[in-house]
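Chemist: Please find one structure pasted underneath; my questions will follow.
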Amino acid sequence: MARGGQLNVLATLDQAKTQWYHFTAIIIAGMGFFTDAYDLFCISLVTKLLGRIYYTDPSKPDPGSMPPNVLAAVTGVALCGTLAGQLFFGWLGDKLGRKSVYGFTLILMVVCSIASGLSFGHTAKGVVSTLCFFRFWLGFGIGGDYPLSATIMSEYANKKTRGAFIAAVFAMQGFGILFGAIVGLVVSACFRKSYPAPSYSQDHAASLVPQADYVWRLILMFGTIPAALTYYWRMKMPETARYTALVARNAKQAAADMSKVLHTEIEESADRVEKTIIAGEEWGLFSSQFLRRHGLHLLATTSTWFLLDIAFYSQNLFQKDIFSKVGWIPPARTMNAIEELFLIARAQALIALCGTIPGYWFTVAFIDIIGRFWIQIMGFAMMTVFMLGLAVPYHHWTMHGHHTGFLVMYGFTFFFANFGPNSTTFIVPAEIYPARLRSTCHGISAAAGKAGAIIGAFGFLYAAQDPDKPEPGYPKGIGIRNALFVLAGTNFLGTIMTLLVPESKGKSLEVISQEVADDEEAA
């Protein structure tokens, strides 16, 4: 344990009243997530259109769609980049400081987002190759934002409302998804009006106007605007006091930085700083000491995030396929290319408004009342129940007239993912590890989540294929109904693994991570 209690500057931060700088921190950190969600989910709007533009054979009765391997690459490559970015920038955030790495991830996101919209070439191969290349690096930047934003927010917040603040940063994802759908709606509506076209079944060639090639590019590039606007403020943020005091060993500097931010005078006496020796400064991530103190914690945060993302990403990225299957979006041949995009965007906007966004803000409202542990248990349990509710009577949901019921159930699984493990798996790793390893461990947990997302994204694509007549180019799958049973199983496993997650509600970060003894903090 630390000898000598918590430093003045950290105690002051823990007790600070909620004030303006907390909200600016939420917006600055949250804008990264806004872009993350926009970029990761707008690709699902764009893939159908890309299939029509680059893979249509006018002699066939149905418009073109991307071959399975190409679709998997375009959808999954950003997730692979994100996984790599989480590990790399998580480690870097503990080595160089949160702030020094924070601007770089944003520049990477902005540049690659614009570049992916400028993917060059007129052939399918050229466009898809450059698109995949830039989306990998876009994902790499997005990956860096996970551990850094979470760590910065948890280290800035006071202990009473810390959960709500980190949840609010994460909740910007919901607005990012919604903004992606709105941009899709606006862009496609403008092009639909300016360049009217018949449906594919009426005229194969004319249903795709040449200007449609601008539509997907505009949608991909738009997501960077909000992020680029926050760059200046990102650079103005001081380094977090916990990094400066506990890792860089400069408590005087930390006190000076926070005095400016909190507008109060914080004194830190030199001899006090000398006395505050942080416990376990010698041991690292691969030591027996870490294993003893945080081994189970790391198992809990990685496994729950991994299991959650299998279900969460398979649902999110393949919404449009589920919408078509239950008849919410009519068959492709009855629409022109831009009209199809418009209808998919509209469906996604409705799900985001009714299920996704309310779930995030319920977490913000209740996390510091109910606690992380119970919200996560409840979320996983309810997701299991609703998945079974979709899977058991699946045949009933596909019958005409029952589609609305299916969508309500589907919306509820989203609601409980976000008012549940999707938010808590992000919050807990930012609180329970010591300052020196906080960003690294958050990166590792997030990367485990992305590994689950990759399995969810690729696995669901193949698993959901009909066992009797799969789509062209796919092997036979187990069908959507059985795939939903599998997802219910992963959610149930998540409920069990949550039992290992510690509760961090209302405690100081130094107490949770065992850097300061509890009685010392009270003293």
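In the structure tokens, the first chain shown is A, the next is B, and so on; residue numbers restart at 1 for each chain, and ligands run from 1 in the order shown.
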Contacts of Met383 of chain A at 12 Å or less, counting only C-alpha atoms, minus same-chain residues fewer than 5 places along, as a PyMOL selection string?
Modeler: chain A and resi 307-308+311-312+315+376-378+388-390+409-422+484-485+487-495
Chemist: Compile the contact shell of segment 349-365 of chain A as a PyMOL selection string: residues with an atom at most 10 Å away, counting only C-alpha atoms, same-chain residues fewer than 6 positions apart removed.
Modeler: chain A and resi 161-182+184-185+316+319+343+371-372+375+407-424
Chemist: Report the distance between atom CA of Gly76 of chain A and atom CA of Ala37 of chain A in Å, rounded to one decimal place.
Modeler: 14.1 Å
Chemist: Pick from A:Trp283, A:Tyr195, A:Tyr231, A:Phe133: nearest to Ala337 of chain A, with only C-alpha atoms counted?
Modeler: A:Tyr195
Chemist: Please provide as a list in words all residues within 9 Å of Val183 of chain A, with the sequence filter that same-chain residues fewer than 3 positions apart are discarded (counting only C-alpha atoms).
Modeler: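 That gives Leu178, Phe179, Gly180, Val186, Val187, Ser188, Leu218, Ile219, Phe222, Gly223 and Ala345 of chain A.
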Chemist: Let me see the file: selected residues, N, CA and C atoms, as a PDB file, in the first residue's frame.
Modeler:
ATOM      1  N   LEU A 178     -26.689   7.695 -35.101  1.00  0.00           N
ATOM      2  CA  LEU A 178     -27.849   8.430 -35.604  1.00  0.00           C
ATOM      3  C   LEU A 178     -27.433   9.446 -36.670  1.00  0.00           C
ATOM      4  N   PHE A 179     -26.331  10.152 -36.427  1.00  0.00           N
ATOM      5  CA  PHE A 179     -25.836  11.141 -37.387  1.00  0.00           C
ATOM      6  C   PHE A 179     -25.484  10.456 -38.710  1.00  0.00           C
ATOM      7  N   GLY A 180     -24.885   9.249 -38.611  1.00  0.00           N
ATOM      8  CA  GLY A 180     -24.573   8.479 -39.820  1.00  0.00           C
ATOM      9  C   GLY A 180     -25.832   8.195 -40.623  1.00  0.00           C
ATOM     10  N   VAL A 186     -30.146  12.378 -45.777  1.00  0.00           N
ATOM     11  CA  VAL A 186     -30.102  13.685 -46.438  1.00  0.00           C
ATOM     12  C   VAL A 186     -29.426  13.579 -47.800  1.00  0.00           C
ATOM     13  N   VAL A 187     -28.246  12.930 -47.819  1.00  0.00           N
ATOM     14  CA  VAL A 187     -27.495  12.819 -49.085  1.00  0.00           C
ATOM     15  C   VAL A 187     -28.316  12.043 -50.109  1.00  0.00           C
ATOM     16  N   SER A 188     -28.892  10.893 -49.686  1.00  0.00           N
ATOM     17  CA  SER A 188     -29.640  10.087 -50.669  1.00  0.00           C
ATOM     18  C   SER A 188     -30.916  10.809 -51.115  1.00  0.00           C
ATOM     19  N   LEU A 218     -19.424  10.831 -50.225  1.00  0.00           N
ATOM     20  CA  LEU A 218     -19.836  11.931 -49.345  1.00  0.00           C
ATOM     21  C   LEU A 218     -20.172  11.413 -47.942  1.00  0.00           C
ATOM     22  N   ILE A 219     -20.892  10.287 -47.908  1.00  0.00           N
ATOM     23  CA  ILE A 219     -21.290   9.742 -46.599  1.00  0.00           C
ATOM     24  C   ILE A 219     -20.043   9.362 -45.788  1.00  0.00           C
ATOM     25  N   PHE A 222     -18.120  12.597 -44.428  1.00  0.00           N
ATOM     26  CA  PHE A 222     -18.823  13.561 -43.576  1.00  0.00           C
ATOM     27  C   PHE A 222     -18.513  13.398 -42.090  1.00  0.00           C
ATOM     28  N   GLY A 223     -18.191  12.160 -41.698  1.00  0.00           N
ATOM     29  CA  GLY A 223     -18.021  11.874 -40.276  1.00  0.00           C
ATOM     30  C   GLY A 223     -16.875  12.608 -39.611  1.00  0.00           C
ATOM     31  N   ALA A 345     -31.165   3.586 -44.458  1.00  0.00           N
ATOM     32  CA  ALA A 345     -30.801   4.657 -43.518  1.00  0.00           C
ATOM     33  C   ALA A 345     -31.986   4.985 -42.614  1.00  0.00           C
TER      34      ALA A 345
END
Chemist: Choose the residue, out of A:Ile43, A:Ala457, A:Ala245, A:Ile444, that has the smallest atom-to-atom separation from Trp216 of chain A; count only C-alpha atoms.
Modeler: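 The answer is A:Ile43, which sits nearest to Trp216 of chain A.
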Chemist: Quick check, in Å to one decimal: how far apart do atom CA of Pro475 of chain A and atom CA of Glu340 of chain A lie?
Modeler: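 Separation of atom CA of Pro475 of chain A and atom CA of Glu340 of chain A: 26.0 Å.
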Chemist: Please indicate the distance in Å from atom CA of Ala332 of chain A to atom CA of Tyr55 of chain A, rounded to one decimal place.
Modeler: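 These two atoms are separated by 13.8 Å.
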Chemist: Need the shell around Pro472 of chain A: protein/DNA/RNA residues with any atom at most 10 Å away, counting only C-alpha atoms. Skip same-chain ones fewer than 4 positions apart. Format as a PyMOL selection string?
Modeler: chain A and resi 65+67-68
Chemist: Among segment 401-506 of chain A, which ones does DSSP assign to helix (DSSP H, G or I) (computed from the backbone)? Answer as a compact mmCIF listing (two decimals) with N, CA and C atoms, in the first residue's frame.
Modeler:
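Done, and the output landed in result_20.txt:
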# COMPACT_ATOMS: atom_id res chain seq x y z
N HIS A 403 -44.05 -8.28 -38.39
CA HIS A 403 -42.72 -7.66 -38.48
C HIS A 403 -42.49 -6.61 -37.41
N THR A 404 -43.56 -5.87 -37.08
CA THR A 404 -43.41 -4.81 -36.08
C THR A 404 -42.99 -5.41 -34.74
N GLY A 405 -43.60 -6.53 -34.39
CA GLY A 405 -43.25 -7.21 -33.13
C GLY A 405 -41.79 -7.60 -33.11
N PHE A 406 -41.32 -8.13 -34.25
CA PHE A 406 -39.92 -8.52 -34.35
C PHE A 406 -39.02 -7.31 -34.11
N LEU A 407 -39.36 -6.18 -34.74
CA LEU A 407 -38.51 -4.99 -34.60
C LEU A 407 -38.53 -4.43 -33.19
N VAL A 408 -39.69 -4.54 -32.51
CA VAL A 408 -39.76 -4.08 -31.11
C VAL A 408 -38.82 -4.93 -30.24
N MET A 409 -38.88 -6.25 -30.42
CA MET A 409 -38.00 -7.15 -29.66
C MET A 409 -36.53 -6.86 -29.99
N TYR A 410 -36.27 -6.67 -31.27
CA TYR A 410 -34.90 -6.39 -31.74
C TYR A 410 -34.40 -5.08 -31.14
N GLY A 411 -35.28 -4.06 -31.11
CA GLY A 411 -34.94 -2.77 -30.50
C GLY A 411 -34.63 -2.92 -29.02
N PHE A 412 -35.37 -3.81 -28.34
CA PHE A 412 -35.13 -4.02 -26.90
C PHE A 412 -33.77 -4.66 -26.64
N THR A 413 -33.34 -5.58 -27.53
CA THR A 413 -32.00 -6.16 -27.30
C THR A 413 -30.95 -5.07 -27.39
N PHE A 414 -31.15 -4.09 -28.29
CA PHE A 414 -30.22 -2.96 -28.38
C PHE A 414 -30.27 -2.09 -27.13
N PHE A 415 -31.51 -1.86 -26.67
CA PHE A 415 -31.68 -1.01 -25.50
C PHE A 415 -30.92 -1.60 -24.31
N PHE A 416 -31.05 -2.93 -24.10
CA PHE A 416 -30.41 -3.55 -22.94
C PHE A 416 -28.92 -3.82 -23.18
N ALA A 417 -28.48 -3.80 -24.43
CA ALA A 417 -27.03 -3.85 -24.65
C ALA A 417 -26.42 -2.54 -24.16
N ASN A 418 -27.08 -1.43 -24.47
CA ASN A 418 -26.51 -0.12 -24.12
C ASN A 418 -26.81 0.29 -22.69
N PRO A 421 -24.19 -4.08 -20.69
CA PRO A 421 -22.76 -4.36 -20.84
C PRO A 421 -22.04 -3.50 -21.89
N ASN A 422 -22.74 -2.99 -22.91
CA ASN A 422 -22.00 -2.20 -23.90
C ASN A 422 -21.39 -0.96 -23.25
N SER A 423 -22.10 -0.38 -22.28
CA SER A 423 -21.56 0.78 -21.58
C SER A 423 -20.63 0.38 -20.44
N THR A 424 -21.03 -0.61 -19.64
CA THR A 424 -20.24 -0.93 -18.44
C THR A 424 -18.89 -1.57 -18.78
N THR A 425 -18.82 -2.36 -19.87
CA THR A 425 -17.53 -2.97 -20.21
C THR A 425 -16.52 -1.89 -20.60
N PHE A 426 -17.02 -0.73 -21.03
CA PHE A 426 -16.14 0.39 -21.37
C PHE A 426 -15.70 1.15 -20.12
N ILE A 427 -16.61 1.24 -19.14
CA ILE A 427 -16.36 2.08 -17.95
C ILE A 427 -15.42 1.38 -16.95
N VAL A 428 -15.72 0.12 -16.64
CA VAL A 428 -15.00 -0.56 -15.55
C VAL A 428 -13.48 -0.63 -15.77
N PRO A 429 -12.98 -0.99 -16.98
CA PRO A 429 -11.52 -1.06 -17.13
C PRO A 429 -10.82 0.29 -16.94
N ALA A 430 -11.57 1.38 -17.06
CA ALA A 430 -10.95 2.70 -16.88
C ALA A 430 -10.84 3.06 -15.40
N ARG A 438 -3.27 1.74 -16.44
CA ARG A 438 -4.71 1.91 -16.71
C ARG A 438 -5.02 1.91 -18.20
N SER A 439 -4.28 2.71 -18.95
CA SER A 439 -4.54 2.83 -20.38
C SER A 439 -4.23 1.51 -21.10
N THR A 440 -3.13 0.85 -20.69
CA THR A 440 -2.76 -0.44 -21.31
C THR A 440 -3.84 -1.48 -21.08
N CYS A 441 -4.30 -1.60 -19.82
CA CYS A 441 -5.29 -2.64 -19.50
C CYS A 441 -6.63 -2.34 -20.15
N HIS A 442 -6.95 -1.04 -20.26
CA HIS A 442 -8.19 -0.70 -20.96
C HIS A 442 -8.05 -1.09 -22.43
N GLY A 443 -6.88 -0.84 -23.02
CA GLY A 443 -6.62 -1.21 -24.41
C GLY A 443 -6.74 -2.70 -24.63
N ILE A 444 -6.20 -3.49 -23.68
CA ILE A 444 -6.26 -4.95 -23.80
C ILE A 444 -7.72 -5.43 -23.73
N SER A 445 -8.48 -4.86 -22.78
CA SER A 445 -9.89 -5.25 -22.64
C SER A 445 -10.67 -4.90 -23.90
N ALA A 446 -10.41 -3.67 -24.41
CA ALA A 446 -11.13 -3.21 -25.60
C ALA A 446 -10.76 -4.07 -26.81
N ALA A 447 -9.47 -4.46 -26.89
CA ALA A 447 -9.03 -5.28 -28.02
C ALA A 447 -9.69 -6.66 -27.96
N ALA A 448 -9.87 -7.19 -26.76
CA ALA A 448 -10.60 -8.47 -26.62
C ALA A 448 -12.02 -8.29 -27.15
N GLY A 449 -12.61 -7.13 -26.84
CA GLY A 449 -13.94 -6.82 -27.36
C GLY A 449 -13.96 -6.81 -28.87
N LYS A 450 -12.95 -6.17 -29.46
CA LYS A 450 -12.91 -6.09 -30.93
C LYS A 450 -12.68 -7.46 -31.55
N ALA A 451 -11.95 -8.34 -30.86
CA ALA A 451 -11.80 -9.71 -31.36
C ALA A 451 -13.18 -10.36 -31.41
N GLY A 452 -13.99 -10.10 -30.39
CA GLY A 452 -15.37 -10.60 -30.40
C GLY A 452 -16.18 -9.99 -31.54
N ALA A 453 -15.93 -8.69 -31.78
CA ALA A 453 -16.65 -8.00 -32.86
C ALA A 453 -16.31 -8.62 -34.21
N ILE A 454 -15.03 -8.97 -34.39
CA ILE A 454 -14.60 -9.57 -35.67
C ILE A 454 -15.28 -10.93 -35.84
N ILE A 455 -15.31 -11.71 -34.76
CA ILE A 455 -16.00 -13.01 -34.81
C ILE A 455 -17.49 -12.80 -35.10
N GLY A 456 -18.08 -11.80 -34.40
CA GLY A 456 -19.50 -11.52 -34.61
C GLY A 456 -19.78 -11.10 -36.04
N ALA A 457 -18.94 -10.18 -36.55
CA ALA A 457 -19.17 -9.65 -37.89
C ALA A 457 -19.00 -10.72 -38.96
N PHE A 458 -17.88 -11.46 -38.91
CA PHE A 458 -17.65 -12.48 -39.95
C PHE A 458 -18.48 -13.72 -39.69
N GLY A 459 -18.53 -14.13 -38.43
CA GLY A 459 -19.24 -15.37 -38.09
C GLY A 459 -20.72 -15.28 -38.43
N PHE A 460 -21.35 -14.16 -38.06
CA PHE A 460 -22.79 -14.02 -38.27
C PHE A 460 -23.12 -14.00 -39.76
N LEU A 461 -22.23 -13.38 -40.54
CA LEU A 461 -22.42 -13.28 -41.98
C LEU A 461 -22.58 -14.67 -42.60
N TYR A 462 -21.71 -15.59 -42.16
CA TYR A 462 -21.74 -16.94 -42.71
C TYR A 462 -22.76 -17.82 -41.99
N ALA A 463 -22.84 -17.68 -40.66
CA ALA A 463 -23.72 -18.55 -39.88
C ALA A 463 -25.19 -18.33 -40.23
N GLY A 479 -28.61 -20.79 -40.46
CA GLY A 479 -29.85 -20.03 -40.53
C GLY A 479 -29.94 -18.98 -39.43
N ILE A 480 -30.75 -17.95 -39.67
CA ILE A 480 -30.83 -16.84 -38.70
C ILE A 480 -31.34 -17.33 -37.35
N ARG A 481 -32.30 -18.25 -37.36
CA ARG A 481 -32.88 -18.70 -36.09
C ARG A 481 -31.82 -19.33 -35.19
N ASN A 482 -31.02 -20.25 -35.74
CA ASN A 482 -29.98 -20.90 -34.94
C ASN A 482 -28.87 -19.92 -34.56
N ALA A 483 -28.59 -18.98 -35.48
CA ALA A 483 -27.58 -17.96 -35.15
C ALA A 483 -28.03 -17.15 -33.94
N LEU A 484 -29.34 -16.86 -33.86
CA LEU A 484 -29.86 -16.12 -32.70
C LEU A 484 -29.74 -16.95 -31.41
N PHE A 485 -29.90 -18.27 -31.52
CA PHE A 485 -29.69 -19.13 -30.34
C PHE A 485 -28.24 -19.06 -29.86
N VAL A 486 -27.31 -19.06 -30.84
CA VAL A 486 -25.88 -18.97 -30.48
C VAL A 486 -25.61 -17.65 -29.74
N LEU A 487 -26.19 -16.55 -30.27
CA LEU A 487 -25.98 -15.24 -29.63
C LEU A 487 -26.60 -15.22 -28.22
N ALA A 488 -27.73 -15.87 -28.06
CA ALA A 488 -28.33 -15.95 -26.71
C ALA A 488 -27.36 -16.68 -25.77
N GLY A 489 -26.70 -17.72 -26.29
CA GLY A 489 -25.72 -18.46 -25.49
C GLY A 489 -24.53 -17.59 -25.08
N THR A 490 -24.02 -16.78 -26.02
CA THR A 490 -22.87 -15.92 -25.66
C THR A 490 -23.31 -14.89 -24.61
N ASN A 491 -24.52 -14.39 -24.72
CA ASN A 491 -25.00 -13.43 -23.72
C ASN A 491 -25.13 -14.08 -22.34
N PHE A 492 -25.56 -15.33 -22.32
CA PHE A 492 -25.69 -16.03 -21.03
C PHE A 492 -24.30 -16.23 -20.40
N LEU A 493 -23.32 -16.60 -21.23
CA LEU A 493 -21.94 -16.72 -20.73
C LEU A 493 -21.45 -15.39 -20.16
N GLY A 494 -21.81 -14.30 -20.84
CA GLY A 494 -21.44 -12.97 -20.37
C GLY A 494 -21.99 -12.70 -18.98
N THR A 495 -23.23 -13.15 -18.74
CA THR A 495 -23.85 -12.97 -17.42
C THR A 495 -22.99 -13.66 -16.36
N ILE A 496 -22.52 -14.87 -16.68
CA ILE A 496 -21.73 -15.64 -15.71
C ILE A 496 -20.37 -14.97 -15.46
N MET A 497 -19.70 -14.52 -16.54
CA MET A 497 -18.37 -13.90 -16.38
C MET A 497 -18.45 -12.57 -15.63
N THR A 498 -19.62 -11.93 -15.67
CA THR A 498 -19.79 -10.65 -14.96
C THR A 498 -19.62 -10.82 -13.45
N LEU A 499 -19.83 -12.05 -12.96
CA LEU A 499 -19.70 -12.28 -11.51
C LEU A 499 -18.29 -11.96 -11.02
N LEU A 500 -17.31 -11.93 -11.93
CA LEU A 500 -15.92 -11.62 -11.53
C LEU A 500 -15.62 -10.12 -11.53
Chemist: Taking only C-alpha atoms into account, which of A:Ala189, A:Met235, A:Ala435, A:Leu79 comes nearest Ala248 of chain A?
Modeler: A:Ala435
Chemist: Nearest residue to Ile26 of chain A out of A:Asn69, A:Ser508, A:Ser154, A:Thr384, using only C-alpha atoms?
Modeler: A:Ser154
Chemist: Could you list, as a list in words, every residue within 12 Å of Thr264 of chain A, counting only C-alpha atoms and ignoring same-chain residues fewer than 3 positions away?
Modeler: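 So, after excluding close chain neighbours, the residues are Val9, Thr12, Leu13, Ala16, Lys17, Ala255, Ala256, Asp257, Met258, Ser259, Lys260, Val261 and Glu267 of chain A.
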Chemist: Quick one: residues within 10 Å of segment 432-434 of chain A, only C-alpha atoms counted, chain neighbours fewer than 2 positions away excluded, as a ChimeraX atom specification?
Modeler: /A:242,246-247,278-281,290,293-294,297-298,301,427-430,436-442,501-504,508-515
Chemist: So that I can check the surroundings of Asp213 of chain A, please list as an MDAnalysis selection string every protein, DNA and RNA residue that reaches within 9 Å of it, counting only C-alpha atoms and ignoring chain neighbours fewer than 3 positions away.
Modeler: chainID A and resid 49:50 53 209:210 216:217
Chemist: Here is a test: counting only C-alpha atoms, which residue of A:Ile367, A:Leu45, A:Leu262, A:Leu208 is nearest to Gln19 of chain A?
Modeler: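 When distances to Gln19 of chain A are compared using only C-alpha atoms, the smallest one comes from A:Leu262.
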Chemist: Can you work out which one of A:Phe41, A:Tyr313, A:Trp233, A:Phe33 has the shortest atom-to-atom distance to Gly143 of chain A, counting only C-alpha atoms?
Modeler: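 Of A:Phe41, A:Tyr313, A:Trp233, A:Phe33, the one nearest Gly143 of chain A is A:Phe33, counting only C-alpha atoms.
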